[in-house]
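Written below as structure tokens is the structure these notes are about.
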Amino acid sequence: MQIYFAPLEGVTGAVYRNAHAELFGGPDKYYAPFVSPTVNPCFKGKEIRDLLPENNSEKVHLIPQILTNKGEYFIKAAEQLMTLGYTEEFNVNIGCPSGTVVAKNKGAGFLRDLEGMERFFEEIFEWREKFEIQPNISVKTRIGIYSDEEFPDILEVYNHYPISEVTIHSRTRAQMYRDIPNIRAFSYAVRHSKNPLVYNGDICSVEDFKNITEQFKMEGVMIGRGLIANPNLVNEIRGERPITIEGIQKYHDRLYHDFEQIMQADKHLLCKMKEFWNYVSWNFEDEHRCAKLVRKCQNLYKYQLAIEEIFTTMKLK
């Protein structure tokens, strides 16, 4: 069973991935937050910096994700990424629920234009034919805009093409990250998909992993927020010892140091570390107090006091 680290925009960038891979490891692949090609001939500067090989640890098996609804833009982006050494796989983002993305009919917004999706895949798979060793093209999708009743037609589009893996986040765009994942829709995909499937959504514990993998036969599982909260989760799934408070502290200190090197102001570093604790606080018995201690910090001095209190007085679940 393959286990993948899901991309989360603004969180799982190169600094985060490198620290995770070197201190914990576990995922078979790390999927990078999306790049979004435009009319410009290529990505430049910060658009591509996160994917540059020199910025990523050799321990990170990294797969780029591309967000677009235009075949020509996808091809342009993929060809530039191939010059950087990314020749194994390109993941198409058809799941991002962000309002600004959906308004442009990209991400989950693409789900309301199935004819456009057909043209898109026709173009990129035709482009792929020119390579002697063809890169895989995978998809990360939601099950619809408003209702799971949209999903059979969406899946039928995917069935027309040799997609290497279809990762299904079993929520609609309207649900965002609310409500429980729609297992009925994923079950439909298991019965009707012609392509290998990957499950994504609310895998936050070993028990969650077992519950979904014992129900369905699939290629793999993609974990996002659960793995951000517990960076040791993949290892625990594979039978290794649980996360320790020492492990969390070591991880925290590594991220703090690495982000400190690139943040231009203390407030940016503080914001980044607060984001870290939004998830990692889930591990503590008094998770609400843990999160509150960090959330109310207004400067790095108070933040350091809060962190000292967390690591010296609080216990893990």
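Residue numbering restarts at 1 in every chain; chains get A, B, ... in the order shown in the structure tokens, and ligands count up from 1 in that same order.
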
* To do: Show which residues sit within 12 Å of A:Phe259, as a PyMOL selection string. Count only C-alpha atoms, and ignore same-chain residues fewer than 5 positions away.
  => chain A and resi 11+13-16+18-19+252-254+264-273+276

* Tell me which protein, DNA and RNA residues are within 10 Å of A:Ile180, counting only C-alpha atoms, leaving out same-chain ones fewer than 2 positions away, and put them as a PyMOL selection string. => chain A and resi 170-171+175+177-178+182-183+201-202

* Apply DSSP to the structure's backbone, then extract all residues of stretch 93-271 of chain A labelled helix (DSSP H, G or I) and return them as a PyMOL selection string. => chain A and resi 99-102+107-112+114-128+148-159+183-192+206-215+225-229+233-237+245-262+266-271

* Structure fact -> Judged by only C-alpha atoms, the minimum distance to A:Tyr73 among A:Ile124, A:Arg112, A:Lys315, A:Ala32 is found for A:Ile124

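One distance worth recording is that between atom CA of A:Glu89 and atom CA of A:Arg225, which is 22.9 Å.
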
Show me, as a PDB file with N, CA and C atoms, in the first residue's frame, the residues that have an atom within 8 Å of A:Lys29 when counting only C-alpha atoms, minus same-chain residues fewer than 4 positions from it.
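selection02.pdb, freshly written:
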```pdb
ATOM      1  N   ILE A   3       1.639   5.197   0.436  1.00  0.00           N
ATOM      2  CA  ILE A   3       1.142   6.294   1.268  1.00  0.00           C
ATOM      3  C   ILE A   3       1.814   7.581   0.805  1.00  0.00           C
ATOM      4  N   TYR A   4       1.007   8.569   0.492  1.00  0.00           N
ATOM      5  CA  TYR A   4       1.507   9.822  -0.061  1.00  0.00           C
ATOM      6  C   TYR A   4       1.216  10.983   0.890  1.00  0.00           C
ATOM      7  N   PHE A   5       2.093  11.982   0.841  1.00  0.00           N
ATOM      8  CA  PHE A   5       1.892  13.217   1.605  1.00  0.00           C
ATOM      9  C   PHE A   5       1.192  14.215   0.686  1.00  0.00           C
ATOM     10  N   VAL A  60      13.397  13.494  -0.374  1.00  0.00           N
ATOM     11  CA  VAL A  60      12.035  13.842  -0.762  1.00  0.00           C
ATOM     12  C   VAL A  60      11.769  13.334  -2.177  1.00  0.00           C
ATOM     13  N   HIS A  61      10.885  12.350  -2.298  1.00  0.00           N
ATOM     14  CA  HIS A  61      10.453  11.863  -3.614  1.00  0.00           C
ATOM     15  C   HIS A  61       9.297  12.774  -4.045  1.00  0.00           C
ATOM     16  N   LEU A  62       9.637  13.811  -4.804  1.00  0.00           N
ATOM     17  CA  LEU A  62       8.712  14.914  -5.037  1.00  0.00           C
ATOM     18  C   LEU A  62       8.000  14.808  -6.386  1.00  0.00           C
ATOM     19  N   ILE A  63       6.698  15.034  -6.347  1.00  0.00           N
ATOM     20  CA  ILE A  63       5.864  15.038  -7.550  1.00  0.00           C
ATOM     21  C   ILE A  63       5.241  16.427  -7.697  1.00  0.00           C
TER      22      ILE A  63
END
```

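Excluding stretch 160-163 of chain A itself and any same-chain residue fewer than 3 positions from it, the protein and nucleic acid residues within 7 Å of it, counting only C-alpha atoms, are Ile137, Ser138, Glu156, Val157, Val166 and Asn195 of chain A.
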
* Hey, what's within 12 Å of stretch 47-56 of chain A if we count only C-alpha atoms and toss same-chain stuff fewer than 4 positions away? As number ranges by chain, please? -> A: 9-22, 30-38, 40, 42-43, 60-66, 77, 80-86

Save the residues we just selected, C-alpha atoms, as a PDB file, in the first residue's frame?
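Saved to part.pdb:
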```pdb
ATOM      1  CA  GLU A   9      -0.825  25.394  -0.186  1.00  0.00           C
ATOM      2  CA  GLY A  10       1.281  27.644   2.027  1.00  0.00           C
ATOM      3  CA  VAL A  11       2.237  24.801   4.388  1.00  0.00           C
ATOM      4  CA  THR A  12       4.018  21.863   2.751  1.00  0.00           C
ATOM      5  CA  GLY A  13       6.678  23.809   0.877  1.00  0.00           C
ATOM      6  CA  ALA A  14      10.319  22.829   0.479  1.00  0.00           C
ATOM      7  CA  VAL A  15      11.412  23.861   3.994  1.00  0.00           C
ATOM      8  CA  TYR A  16       8.637  21.807   5.546  1.00  0.00           C
ATOM      9  CA  ARG A  17       9.146  18.787   3.264  1.00  0.00           C
ATOM     10  CA  ASN A  18      12.891  18.694   3.845  1.00  0.00           C
ATOM     11  CA  ALA A  19      12.540  18.762   7.623  1.00  0.00           C
ATOM     12  CA  HIS A  20       9.846  16.111   7.561  1.00  0.00           C
ATOM     13  CA  ALA A  21      11.723  13.765   5.234  1.00  0.00           C
ATOM     14  CA  GLU A  22      14.987  14.052   7.132  1.00  0.00           C
ATOM     15  CA  TYR A  30       5.478  14.025  -1.444  1.00  0.00           C
ATOM     16  CA  TYR A  31       3.140  16.032  -3.682  1.00  0.00           C
ATOM     17  CA  ALA A  32       4.144  19.672  -4.017  1.00  0.00           C
ATOM     18  CA  PRO A  33       1.594  22.491  -3.702  1.00  0.00           C
ATOM     19  CA  PHE A  34       0.403  23.450  -7.150  1.00  0.00           C
ATOM     20  CA  VAL A  35       2.063  25.690  -9.658  1.00  0.00           C
ATOM     21  CA  SER A  36      -0.319  27.565 -11.938  1.00  0.00           C
ATOM     22  CA  PRO A  37       0.957  28.367 -15.450  1.00  0.00           C
ATOM     23  CA  THR A  38      -0.299  31.494 -17.210  1.00  0.00           C
ATOM     24  CA  ASN A  40       3.872  33.776 -19.557  1.00  0.00           C
ATOM     25  CA  CYS A  42       7.705  29.952 -18.212  1.00  0.00           C
ATOM     26  CA  PHE A  43       7.777  30.057 -14.435  1.00  0.00           C
ATOM     27  CA  VAL A  60      12.035  13.842  -0.762  1.00  0.00           C
ATOM     28  CA  HIS A  61      10.453  11.863  -3.614  1.00  0.00           C
ATOM     29  CA  LEU A  62       8.712  14.914  -5.037  1.00  0.00           C
ATOM     30  CA  ILE A  63       5.864  15.038  -7.550  1.00  0.00           C
ATOM     31  CA  PRO A  64       4.838  18.418  -9.047  1.00  0.00           C
ATOM     32  CA  GLN A  65       1.187  19.402  -9.177  1.00  0.00           C
ATOM     33  CA  ILE A  66      -0.149  21.632 -11.955  1.00  0.00           C
ATOM     34  CA  ALA A  77       4.594  23.863 -17.463  1.00  0.00           C
ATOM     35  CA  GLN A  80       9.797  23.288 -18.102  1.00  0.00           C
ATOM     36  CA  LEU A  81       9.556  20.936 -15.121  1.00  0.00           C
ATOM     37  CA  MET A  82      11.051  18.147 -17.192  1.00  0.00           C
ATOM     38  CA  THR A  83      14.161  20.268 -17.745  1.00  0.00           C
ATOM     39  CA  LEU A  84      14.521  20.294 -13.932  1.00  0.00           C
ATOM     40  CA  GLY A  85      14.439  16.512 -13.825  1.00  0.00           C
ATOM     41  CA  TYR A  86      10.737  15.906 -13.138  1.00  0.00           C
TER      42      TYR A  86
END
```

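With only C-alpha atoms taken into account, the protein and nucleic acid residues at most 8 Å from stretch 96-103 of chain A (excluding it and anything under 4 positions from it in its own chain) are Gly107, Ala108, Gly109, Phe110, Arg173, Ala174 and Met176 of chain A.
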
With C-alpha atoms retained, write the just-selected residues as a JSON list (two decimals), in the first residue's frame.
```json
[["chain", "number", "residue", "atom", "x", "y", "z"],
["A", 107, "GLY", "CA", -9.21, 23.32, -9.49],
["A", 108, "ALA", "CA", -12.60, 22.06, -8.37],
["A", 109, "GLY", "CA", -14.14, 24.68, -10.67],
["A", 110, "PHE", "CA", -13.08, 22.56, -13.64],
["A", 173, "ARG", "CA", -16.39, 21.80, -3.49],
["A", 174, "ALA", "CA", -19.32, 23.25, -1.52],
["A", 176, "MET", "CA", -14.75, 22.51, 1.44]]
```

* A:Ile228, A:Ile145, A:Met263, A:Met218: which is nearest A:Lys194, counting only C-alpha atoms? -> A:Met218

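Here atom CA of A:Gln2 and atom CA of A:Met222 stand 8.4 Å from one another.
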
* To do: Taking the DSSP assignment computed from this structure's backbone, write out as a ChimeraX atom specification all residues of stretch 96-303 of chain A that belong to strand (DSSP E).
  => /A:136-142,166-169,197-200,220-223

Using only N, CA, C and O atoms, please write the residues we just selected to a file, as a tab-separated table (two decimals), in the first residue's frame.
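Result file follows (again09.tsv):
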```
chain	number	residue	atom	x	y	z
A	136	ASN	N	3.95	9.73	-16.22
A	136	ASN	CA	2.59	9.45	-15.74
A	136	ASN	C	1.84	10.76	-15.55
A	136	ASN	O	2.43	11.78	-15.19
A	137	ILE	N	0.56	10.70	-15.78
A	137	ILE	CA	-0.31	11.84	-15.49
A	137	ILE	C	-1.38	11.36	-14.52
A	137	ILE	O	-2.17	10.47	-14.83
A	138	SER	N	-1.34	11.92	-13.33
A	138	SER	CA	-2.30	11.56	-12.28
A	138	SER	C	-3.22	12.74	-12.03
A	138	SER	O	-2.97	13.86	-12.49
A	139	VAL	N	-4.28	12.48	-11.29
A	139	VAL	CA	-5.30	13.51	-11.02
A	139	VAL	C	-5.67	13.48	-9.55
A	139	VAL	O	-5.78	12.41	-8.94
A	140	LYS	N	-5.83	14.66	-8.97
A	140	LYS	CA	-6.42	14.78	-7.63
A	140	LYS	C	-7.73	15.53	-7.79
A	140	LYS	O	-7.76	16.65	-8.33
A	141	THR	N	-8.83	14.93	-7.37
A	141	THR	CA	-10.16	15.46	-7.68
A	141	THR	C	-11.08	15.46	-6.47
A	141	THR	O	-10.85	14.74	-5.49
A	142	ARG	N	-12.10	16.26	-6.56
A	142	ARG	CA	-13.24	16.15	-5.66
A	142	ARG	C	-14.37	15.43	-6.39
A	142	ARG	O	-14.24	15.11	-7.57
A	166	VAL	N	-6.02	8.11	-9.80
A	166	VAL	CA	-7.03	9.14	-9.51
A	166	VAL	C	-7.16	9.21	-7.99
A	166	VAL	O	-7.65	8.28	-7.36
A	167	THR	N	-6.68	10.31	-7.43
A	167	THR	CA	-6.81	10.53	-5.99
A	167	THR	C	-8.11	11.25	-5.73
A	167	THR	O	-8.34	12.35	-6.26
A	168	ILE	N	-8.96	10.65	-4.93
A	168	ILE	CA	-10.30	11.19	-4.71
A	168	ILE	C	-10.42	11.74	-3.29
A	168	ILE	O	-10.30	10.99	-2.31
A	169	HIS	N	-10.61	13.06	-3.21
A	169	HIS	CA	-11.00	13.68	-1.94
A	169	HIS	C	-12.52	13.65	-1.92
A	169	HIS	O	-13.17	14.39	-2.67
A	197	LEU	N	-6.91	3.82	-7.98
A	197	LEU	CA	-7.48	4.83	-7.09
A	197	LEU	C	-6.61	5.05	-5.85
A	197	LEU	O	-5.99	4.12	-5.33
A	198	VAL	N	-6.63	6.30	-5.37
A	198	VAL	CA	-6.00	6.67	-4.11
A	198	VAL	C	-7.05	7.41	-3.29
A	198	VAL	O	-7.74	8.30	-3.80
A	199	TYR	N	-7.18	7.04	-2.03
A	199	TYR	CA	-8.15	7.69	-1.15
A	199	TYR	C	-7.51	8.86	-0.43
A	199	TYR	O	-6.36	8.79	0.02
A	200	ASN	N	-8.27	9.95	-0.27
A	200	ASN	CA	-7.80	11.12	0.46
A	200	ASN	C	-8.96	11.70	1.27
A	200	ASN	O	-10.05	11.85	0.75
A	220	GLY	N	-3.47	3.29	-3.09
A	220	GLY	CA	-2.81	3.95	-1.99
A	220	GLY	C	-3.72	4.91	-1.26
A	220	GLY	O	-4.91	5.04	-1.57
A	221	VAL	N	-3.13	5.59	-0.29
A	221	VAL	CA	-3.83	6.59	0.52
A	221	VAL	C	-2.98	7.84	0.54
A	221	VAL	O	-1.75	7.78	0.67
A	222	MET	N	-3.62	8.99	0.38
A	222	MET	CA	-2.94	10.28	0.48
A	222	MET	C	-3.39	10.96	1.76
A	222	MET	O	-4.59	11.10	2.01
A	223	ILE	N	-2.43	11.40	2.57
A	223	ILE	CA	-2.73	12.00	3.87
A	223	ILE	C	-2.23	13.43	3.89
A	223	ILE	O	-1.09	13.69	3.51
```

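Interatomic distance, atom CA of A:Phe125 against atom CA of A:Ala6: 24.0 Å.
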
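Considering the residues A:Ile212, A:Val206, A:Met117, A:Leu23 and counting only C-alpha atoms, A:Pro181 has its shortest atom-to-atom contact with A:Ile212.
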